[in-house]
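Structure data (mmCIF, C-alpha atoms and all ligand atoms) from my_file_13.cif:
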```
data_coords
loop_
_atom_site.label_atom_id
_atom_site.label_comp_id
_atom_site.auth_asym_id
_atom_site.auth_seq_id
_atom_site.Cartn_x
_atom_site.Cartn_y
_atom_site.Cartn_z
CA MET U 3 11.22 -13.51 2.40
CA GLN U 4 14.05 -11.30 3.51
CA LEU U 5 13.73 -9.51 6.82
CA CYS U 6 15.51 -6.28 7.70
CA ARG U 7 15.30 -5.42 11.40
CA CYS U 8 15.03 -1.70 12.02
CA ARG U 9 15.24 0.14 15.34
CA ASN U 10 12.09 2.18 14.83
CA TYR U 11 9.65 3.79 12.39
CA GLU U 12 12.21 6.44 11.44
CA GLU U 13 14.72 3.83 10.31
CA ILE U 14 12.04 1.95 8.35
CA SER U 15 11.10 5.16 6.55
CA GLN U 16 14.73 6.05 5.83
CA ARG U 17 15.59 2.62 4.44
CA ALA U 18 12.40 2.45 2.38
CA ALA U 19 13.16 5.88 0.88
CA GLU U 20 16.66 4.69 -0.04
CA LEU U 21 15.27 1.57 -1.70
CA LEU U 22 12.63 3.48 -3.68
CA THR U 23 15.25 5.99 -4.79
CA ALA U 24 17.47 3.12 -5.92
CA GLN U 25 14.55 1.58 -7.81
CA LEU U 26 13.96 4.85 -9.67
CA THR U 27 17.66 5.24 -10.42
CA TRP U 28 17.67 1.70 -11.77
CA LYS U 29 14.51 2.17 -13.82
CA LYS U 30 13.33 5.76 -14.27
CA ASP U 31 9.98 4.71 -15.70
CA SER U 32 9.15 2.20 -12.96
CA THR U 33 5.58 1.37 -12.15
CA LEU U 34 5.23 1.61 -8.38
CA GLY U 35 2.40 -0.07 -6.51
CA LEU U 36 1.62 2.27 -3.62
CA ALA U 37 -0.09 1.97 -0.25
CA THR U 38 -1.78 4.41 2.10
CA GLY U 39 -2.24 4.33 5.89
CA GLY U 40 0.21 5.15 8.64
CA SER U 41 3.04 2.82 7.56
CA PRO U 42 4.25 4.75 4.47
CA VAL U 43 3.67 8.33 5.75
CA GLY U 44 7.30 8.67 6.91
CA LEU U 45 8.56 7.20 3.65
CA TYR U 46 6.51 9.67 1.59
CA ARG U 47 7.84 12.54 3.70
CA LYS U 48 11.39 11.41 2.99
CA LEU U 49 10.66 11.08 -0.73
CA ARG U 50 9.33 14.66 -0.76
CA GLU U 51 12.53 15.83 0.94
CA ARG U 52 14.68 13.86 -1.48
CA PHE U 53 12.79 15.32 -4.40
CA ALA U 54 13.33 18.85 -3.06
CA GLU U 55 17.05 18.08 -2.83
CA GLY U 56 17.12 16.85 -6.43
CA LEU U 57 17.87 13.26 -5.43
CA VAL U 58 14.87 11.58 -7.01
CA ASP U 59 12.93 12.13 -10.22
CA PHE U 60 9.32 11.07 -10.75
CA SER U 61 8.88 12.45 -14.27
CA GLU U 62 8.59 9.03 -15.88
CA VAL U 63 7.13 7.13 -12.94
CA LYS U 64 3.72 5.49 -13.02
CA THR U 65 1.84 4.55 -9.86
CA VAL U 66 -1.05 2.23 -9.08
CA ASN U 67 -2.51 2.33 -5.60
CA LEU U 68 -3.64 -0.78 -3.84
CA ASP U 69 -7.09 0.30 -2.85
CA GLU U 70 -9.80 2.92 -2.42
CA TYR U 71 -12.89 3.18 -0.25
CA ARG U 72 -16.05 2.54 -2.21
CA GLY U 73 -18.29 5.59 -2.31
CA LEU U 74 -15.64 8.22 -1.54
CA ALA U 75 -14.88 10.94 -4.11
CA PRO U 76 -11.24 11.87 -4.86
CA GLU U 77 -11.72 15.24 -3.17
CA ASN U 78 -12.98 13.66 0.05
CA PRO U 79 -10.16 14.12 2.59
CA GLN U 80 -10.65 10.53 3.76
CA SER U 81 -10.23 9.05 0.30
CA TYR U 82 -7.00 7.33 -0.60
CA ARG U 83 -6.68 9.48 -3.74
CA TYR U 84 -6.69 12.55 -1.49
CA PHE U 85 -4.16 10.92 0.85
CA MET U 86 -1.78 10.28 -2.06
CA GLU U 87 -2.12 13.82 -3.38
CA GLU U 88 -1.40 15.29 0.05
CA ASN U 89 1.40 12.96 1.04
CA LEU U 90 3.24 12.62 -2.25
CA PHE U 91 1.84 13.45 -5.67
CA ARG U 92 1.34 17.20 -5.42
CA HIS U 93 4.83 17.68 -3.97
CA VAL U 94 6.82 15.90 -6.68
CA ASN U 95 7.13 16.02 -10.47
CA ILE U 96 4.90 13.04 -11.18
CA HIS U 97 2.43 13.51 -14.06
CA PRO U 98 -1.09 13.31 -12.62
CA GLU U 99 -2.21 11.19 -15.59
CA ASN U 100 0.37 8.58 -14.57
CA THR U 101 -1.17 8.06 -11.13
CA TYR U 102 -3.94 5.50 -10.70
CA VAL U 103 -6.22 4.75 -7.75
CA PRO U 104 -9.35 2.56 -8.03
CA ASN U 105 -12.42 4.66 -8.81
CA GLY U 106 -14.33 4.76 -5.52
CA LEU U 107 -17.27 6.45 -7.21
CA GLU U 108 -17.85 3.65 -9.73
CA LYS U 109 -20.99 1.98 -8.45
CA ASP U 110 -20.77 -0.99 -10.76
CA THR U 111 -18.31 -3.33 -9.08
CA GLU U 112 -17.53 -5.28 -12.20
CA THR U 113 -16.70 -2.17 -14.21
CA ALA U 114 -14.53 -0.70 -11.43
CA CYS U 115 -12.55 -3.92 -11.04
CA ARG U 116 -12.22 -4.72 -14.73
CA ASN U 117 -11.01 -1.20 -15.48
CA TYR U 118 -8.40 -1.31 -12.76
CA ASP U 119 -7.03 -4.70 -13.79
CA ALA U 120 -6.81 -3.35 -17.35
CA VAL U 121 -4.75 -0.37 -16.11
CA ILE U 122 -2.29 -2.66 -14.32
CA GLN U 123 -2.00 -4.83 -17.40
CA ARG U 124 -1.54 -1.86 -19.73
CA LEU U 125 1.29 -0.58 -17.53
CA GLY U 126 3.05 -3.93 -17.93
CA GLY U 127 2.64 -4.98 -14.30
CA ILE U 128 4.23 -3.56 -11.17
CA ASP U 129 7.98 -3.18 -10.73
CA LEU U 130 7.91 -2.53 -7.00
CA GLN U 131 4.89 -2.99 -4.76
CA LEU U 132 4.85 -1.20 -1.43
CA LEU U 133 2.73 -2.81 1.30
CA GLY U 134 1.68 -2.27 4.88
CA ILE U 135 0.11 -5.08 6.90
CA GLY U 136 -3.15 -5.02 8.83
CA ARG U 137 -3.40 -6.23 12.43
CA ASN U 138 -5.34 -9.20 11.05
CA GLY U 139 -2.73 -9.88 8.37
CA HIS U 140 -4.52 -8.17 5.49
CA ILE U 141 -2.60 -6.75 2.54
CA GLY U 142 -4.29 -4.12 0.43
CA PHE U 143 -7.82 -4.72 1.64
CA ASN U 144 -7.58 -8.47 1.13
CA GLU U 145 -9.18 -9.46 4.39
CA PRO U 146 -8.94 -12.90 6.04
CA SER U 147 -11.15 -15.23 4.05
CA ASP U 148 -11.42 -18.82 2.85
CA HIS U 149 -9.71 -18.14 -0.48
CA PHE U 150 -7.10 -15.85 -2.05
CA SER U 151 -8.52 -13.38 -4.59
CA SER U 152 -6.67 -12.92 -7.81
CA GLY U 153 -7.85 -9.70 -9.47
CA THR U 154 -9.28 -6.41 -8.24
CA HIS U 155 -12.47 -6.93 -6.27
CA CYS U 156 -14.84 -5.26 -3.85
CA VAL U 157 -14.49 -6.22 -0.20
CA LYS U 158 -16.57 -5.77 2.87
CA LEU U 159 -14.14 -4.47 5.47
CA SER U 160 -13.80 -6.53 8.64
CA GLU U 161 -14.76 -5.09 12.03
CA ASN U 162 -11.09 -5.25 12.96
CA THR U 163 -10.09 -3.08 9.99
CA ILE U 164 -12.93 -0.60 10.47
CA GLU U 165 -11.84 -0.23 14.09
CA ALA U 166 -8.17 0.25 13.10
CA ASN U 167 -9.05 2.86 10.45
CA GLN U 168 -11.42 4.74 12.72
CA ARG U 169 -8.48 6.89 13.87
CA PHE U 170 -8.59 8.74 10.54
CA PHE U 171 -12.31 9.64 10.90
CA GLU U 172 -14.22 11.72 13.39
CA ARG U 173 -16.83 9.08 14.07
CA ARG U 174 -16.93 5.32 13.59
CA GLU U 175 -20.11 5.54 11.49
CA GLU U 176 -18.17 7.58 8.94
CA VAL U 177 -15.70 4.77 8.17
CA PRO U 178 -16.76 3.24 4.85
CA THR U 179 -17.60 -0.44 5.06
CA GLU U 180 -16.53 -1.41 1.54
CA ALA U 181 -13.46 -0.90 -0.61
CA TYR U 182 -12.05 -1.79 -3.99
CA THR U 183 -8.72 -3.55 -3.68
CA MET U 184 -6.12 -5.14 -5.87
CA GLY U 185 -6.15 -8.90 -5.45
CA CYS U 186 -3.41 -11.04 -3.93
CA GLY U 187 -2.69 -12.36 -7.45
CA ALA U 188 -1.80 -8.89 -8.77
CA ILE U 189 0.33 -8.21 -5.69
CA LEU U 190 2.20 -11.49 -6.15
CA ARG U 191 2.90 -10.69 -9.79
CA ALA U 192 4.84 -7.55 -8.78
CA ARG U 193 8.55 -7.98 -9.53
CA ARG U 194 9.61 -6.76 -6.10
CA ILE U 195 7.68 -6.29 -2.88
CA LEU U 196 8.59 -4.03 0.01
CA LEU U 197 6.49 -4.42 3.16
CA LEU U 198 6.68 -1.96 6.06
CA ALA U 199 5.61 -2.98 9.56
CA SER U 200 5.88 -0.84 12.65
CA GLY U 201 4.45 -1.08 16.15
CA ARG U 202 3.46 -3.68 18.68
CA ASP U 203 -0.06 -4.12 17.32
CA LYS U 204 1.45 -5.68 14.17
CA ALA U 205 3.62 -8.24 15.98
CA GLU U 206 1.23 -11.19 15.80
CA ALA U 207 0.44 -10.66 12.11
CA VAL U 208 4.11 -10.17 11.21
CA HIS U 209 5.13 -13.36 12.99
CA ALA U 210 2.39 -15.36 11.26
CA MET U 211 3.29 -13.84 7.89
CA LEU U 212 6.97 -14.76 8.25
CA TYR U 213 6.78 -18.13 9.93
CA GLY U 214 3.17 -19.37 9.84
CA THR U 215 1.21 -21.58 7.47
CA ILE U 216 0.26 -20.05 4.13
CA THR U 217 -3.45 -19.48 4.49
CA PRO U 218 -6.09 -17.01 3.21
CA GLN U 219 -6.99 -16.54 6.87
CA LEU U 220 -3.74 -14.54 7.07
CA PRO U 221 -3.53 -13.04 3.57
CA ALA U 222 0.04 -11.68 3.99
CA SER U 223 1.28 -15.27 4.43
CA ILE U 224 1.01 -15.72 0.65
CA LEU U 225 4.06 -13.47 0.33
CA GLN U 226 6.14 -16.48 1.41
CA LEU U 227 5.66 -17.73 -2.16
CA HIS U 228 7.25 -14.65 -3.76
CA GLU U 229 10.98 -14.70 -4.42
CA ASN U 230 11.68 -11.02 -3.97
CA VAL U 231 10.06 -9.69 -0.80
CA LEU U 232 11.82 -7.45 1.69
CA VAL U 233 10.14 -6.81 5.04
CA LEU U 234 11.30 -3.72 6.91
CA ALA U 235 10.07 -4.19 10.46
CA ASP U 236 10.91 -2.43 13.69
CA GLU U 237 11.64 -4.04 17.05
CA GLU U 238 8.05 -3.63 18.26
CA ALA U 239 6.58 -5.24 15.16
CA LEU U 240 8.99 -8.13 15.70
CA GLY U 241 7.78 -8.48 19.27
CA GLN U 242 11.18 -7.48 20.73
C1 LIG U 301 -3.50 0.76 2.57
C2 LIG U 301 -3.63 -0.68 2.67
C3 LIG U 301 -3.70 -1.39 3.97
C4 LIG U 301 -2.70 -0.88 5.00
C5 LIG U 301 -2.84 -1.65 6.31
C6 LIG U 301 -1.92 -1.12 7.38
O1 LIG U 301 -3.48 1.18 1.22
O2 LIG U 301 -3.73 -1.29 1.67
O3 LIG U 301 -3.46 -2.75 3.74
O4 LIG U 301 -1.41 -1.02 4.50
O5 LIG U 301 -4.17 -1.55 6.76
O6 LIG U 301 -2.33 0.17 7.72
P1 LIG U 301 -1.42 1.13 8.61
O7 LIG U 301 -0.20 1.40 7.79
O8 LIG U 301 -2.24 2.37 8.78
O9 LIG U 301 -1.11 0.41 9.86
#
```

Write out the structure in this file as C-alpha cells.
Ligand code: F6R
Amino acid sequence: MQLCRCRNYEEISQRAAELLTAQLTWKKDSTLGLATGGSPVGLYRKLRERFAEGLVDFSEVKTVNLDEYRGLAPENPQSYRYFMEENLFRHVNIHPENTYVPNGLEKDTETACRNYDAVIQRLGGIDLQLLGIGRNGHIGFNEPSDHFSSGTHCVKLSENTIEANQRFFERREEVPTEAYTMGCGAILRARRILLLASGRDKAEAVHAMLYGTITPQLPASILQLHENVLVLADEEALGQ
C-alpha cells in the first residue's frame, strides 16, 4: 500500500480530485466505484468545480456505489442514492442510466445482491474504487466479522457504525440497521483503489490497516493484499 501524507482534509480532497481527473483523462469510459459519507464530500465538491471549468468529462463514465441502506427509497434524503445525486451526479454530465447504487427497496436479499454483482460484472469490473474507512476499520459496510465476504451481501450494521452515522439523522432510531454492500472480494478486484482518511477518530483503524495483521476483524487490512492502493491520509488520521 502506498501512503500519501496530507496536511488536512482540504489537501486530501484536492489530491483525490487530481487523481480522479487523471483517471478519466487516461480512460474516458472508466467505471468508478464510489463511496458516500464525510470523507469524499470535499472531493465531490472539487469534481463539480472542475466540471464547471471544463476540466473533467463524465459523459462516458459509469459508476457503482459501494452500498445503500436497506429500506430507504432513492428519494429519501438519507439514502446514498440521494447523497450521490446531491453531491455529484446532478451537477455533472454523467448519464443517469450509467450510475448504479444497490437497490435499498429490494426486500429479497438474494435478488438485490445477485443483481448488483451482475451489474459490476457487466461493466467489466471497477477501474478505480474510492473508499473511506470506518472507525472500526470497515470498508463499504463490510463490518468486523470472522470472515471476509466476497460478493454483495446484506449486513447488520454494528453499534459503532450506527453511532458514527447518527450525525446524518435527526434521531438515532432513524438510522437504518441494515445495508446492502459490495463485498471485500469485489473491492479487491478493482484495478486501483484510492482510500481517503481524515480526522483523529480514524487513527487507530488507519494504523491497523497499514501495519496490522490481515484479519476480517479489521476489514480494511485486506487492502494490504492489493498491489495498487493509494491511501490519502491527513496528519490527524496518521496520529500526528
Ligand atoms: C460509505 C461507506 C463507508 C464510509 C465509512 C467512513 O459509502 O462505504 O465505508 O466510507 O463509514 O465514513 P465517513 O467518510 O463518513 O467517515

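For the set U:Ala114, U:Cys6, U:Val43, U:Leu21, the residue with the smallest atom-to-atom gap to ligand LIG 301 (chain U) is U:Val43, counting all atoms listed in the file.
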
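All polymer residues at most 9 Å from (11.0, -8.3, -12.8), using all atoms listed in the file, appear as Ile128, Asp129, Leu130, Arg191, Ala192, Arg193 and Arg194 of chain U.
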
Report as AutoDock Vina command-line options the centre and the edge lengths, in Å to one decimal, of the axis-aligned box holding every listed atom of stretch 107-120 of chain U, padded by 6 Å on each side.
```
--center_x -13.9 --center_y 0.6 --center_z -12.3 --size_x 26.2 --size_y 23.7 --size_z 22.1
```

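Nearest residue to ligand LIG 301 (chain U) among U:Ala37, U:Leu225, U:Ala235, U:Leu26 is U:Ala37, counting only C-alpha atoms and all ligand atoms.
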
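The shortest atom-to-atom distance to ligand LIG 301 (chain U), with only C-alpha atoms and all ligand atoms taken into account, belongs to U:Arg83 out of U:Arg83, U:Arg174, U:His209, U:Arg124.
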
Go through chain U residue by residue and, counting only C-alpha atoms and all ligand atoms, keep those with an atom at most 6 Å from ligand LIG 301 (chain U); for each kept residue give the shortest atom pair and its distance in Å to one decimal, ordered by chain and increasing number, as a Markdown table.
```
| residue | atom | partner | partner_atom | distance |
| --- | --- | --- | --- | --- |
| U:Ala37 | CA | U:LIG301 | O1 | 3.8 |
| U:Thr38 | CA | U:LIG301 | O1 | 3.8 |
| U:Gly39 | CA | U:LIG301 | O8 | 3.5 |
| U:Gly40 | CA | U:LIG301 | O8 | 3.7 |
| U:Ser41 | CA | U:LIG301 | O7 | 3.5 |
| U:Leu68 | CA | U:LIG301 | O1 | 5.4 |
| U:Asp69 | CA | U:LIG301 | O1 | 5.5 |
| U:Leu133 | CA | U:LIG301 | O4 | 5.5 |
| U:Gly134 | CA | U:LIG301 | O4 | 3.4 |
| U:Ile135 | CA | U:LIG301 | C6 | 4.5 |
| U:Gly136 | CA | U:LIG301 | O5 | 4.2 |
| U:His140 | CA | U:LIG301 | O3 | 5.8 |
| U:Ile141 | CA | U:LIG301 | O3 | 4.3 |
| U:Gly142 | CA | U:LIG301 | O2 | 3.1 |
| U:Phe143 | CA | U:LIG301 | O3 | 5.2 |
```

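Using only C-alpha atoms for every distance, the candidate list U:Ile96, U:Ile14, U:Ala207, U:Leu74 yields U:Ile96 as the residue closest to U:Phe53.
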
message: From the options U:Glu145, U:Glu70, U:Glu161, U:Asp59, which residue's atoms come nearest to U:Tyr118, counting all atoms listed in the file?
response: U:Glu70

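Across the structure, atom CA of U:Val231 and atom CA of U:Pro42 are spaced 16.4 Å apart.
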
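Atom pair atom CA of U:Ser160 / atom CA of U:Gly35: separated by 23.1 Å.
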
query: Which distance in Å separates atom CA of U:Glu62 and atom CA of U:Leu90, to one decimal?
result: 15.1 Å

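Residues in contact with U:His155 at 7 Å, where all atoms listed in the file are counted and same-chain residues fewer than 5 positions away are skipped, are listed as Cys115, Tyr182, Thr183, Met184 and Gly185 of chain U.
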
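All residues of protein, DNA or RNA that reach within 10 Å of stretch 84-87 of chain U, judged by all atoms listed in the file and not counting those fewer than 4 positions away in the chain, are Leu36, Ala37, Thr38, Gly39, Val43, Tyr46, Asn67, Leu74, Ala75, Pro76, Glu77, Asn78, Pro79, Gln80, Phe91, Arg92, His93, Val94, Pro98, Thr101 and Val103 of chain U.
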
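Around the coordinate (5.5, 15.2, -12.9), residues that reach within 6 Å when counting all atoms listed in the file are Ser61, Asn95, Ile96 and His97 of chain U.
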
query: Near U:Leu45, within 7 Å and counting only C-alpha atoms, which residues show up once chain neighbours fewer than 4 positions away are dropped, as a PyMOL selection string?
result: chain U and resi 15-16+18-19+49

Among listed residues U:Ile122, U:Val233, U:Leu5, U:Leu227, nearest U:Thr215 (using all atoms listed in the file): U:Leu227

- request: Mind checking which residues fall within 9 Å of U:Asn138, counting only C-alpha atoms, ignoring those fewer than 6 positions away in the same chain, and posting them as a list in words?
  value: Glu145, Pro146, Asn162, Thr163, Lys204, Glu206, Ala207, Gln219, Leu220 and Pro221 of chain U
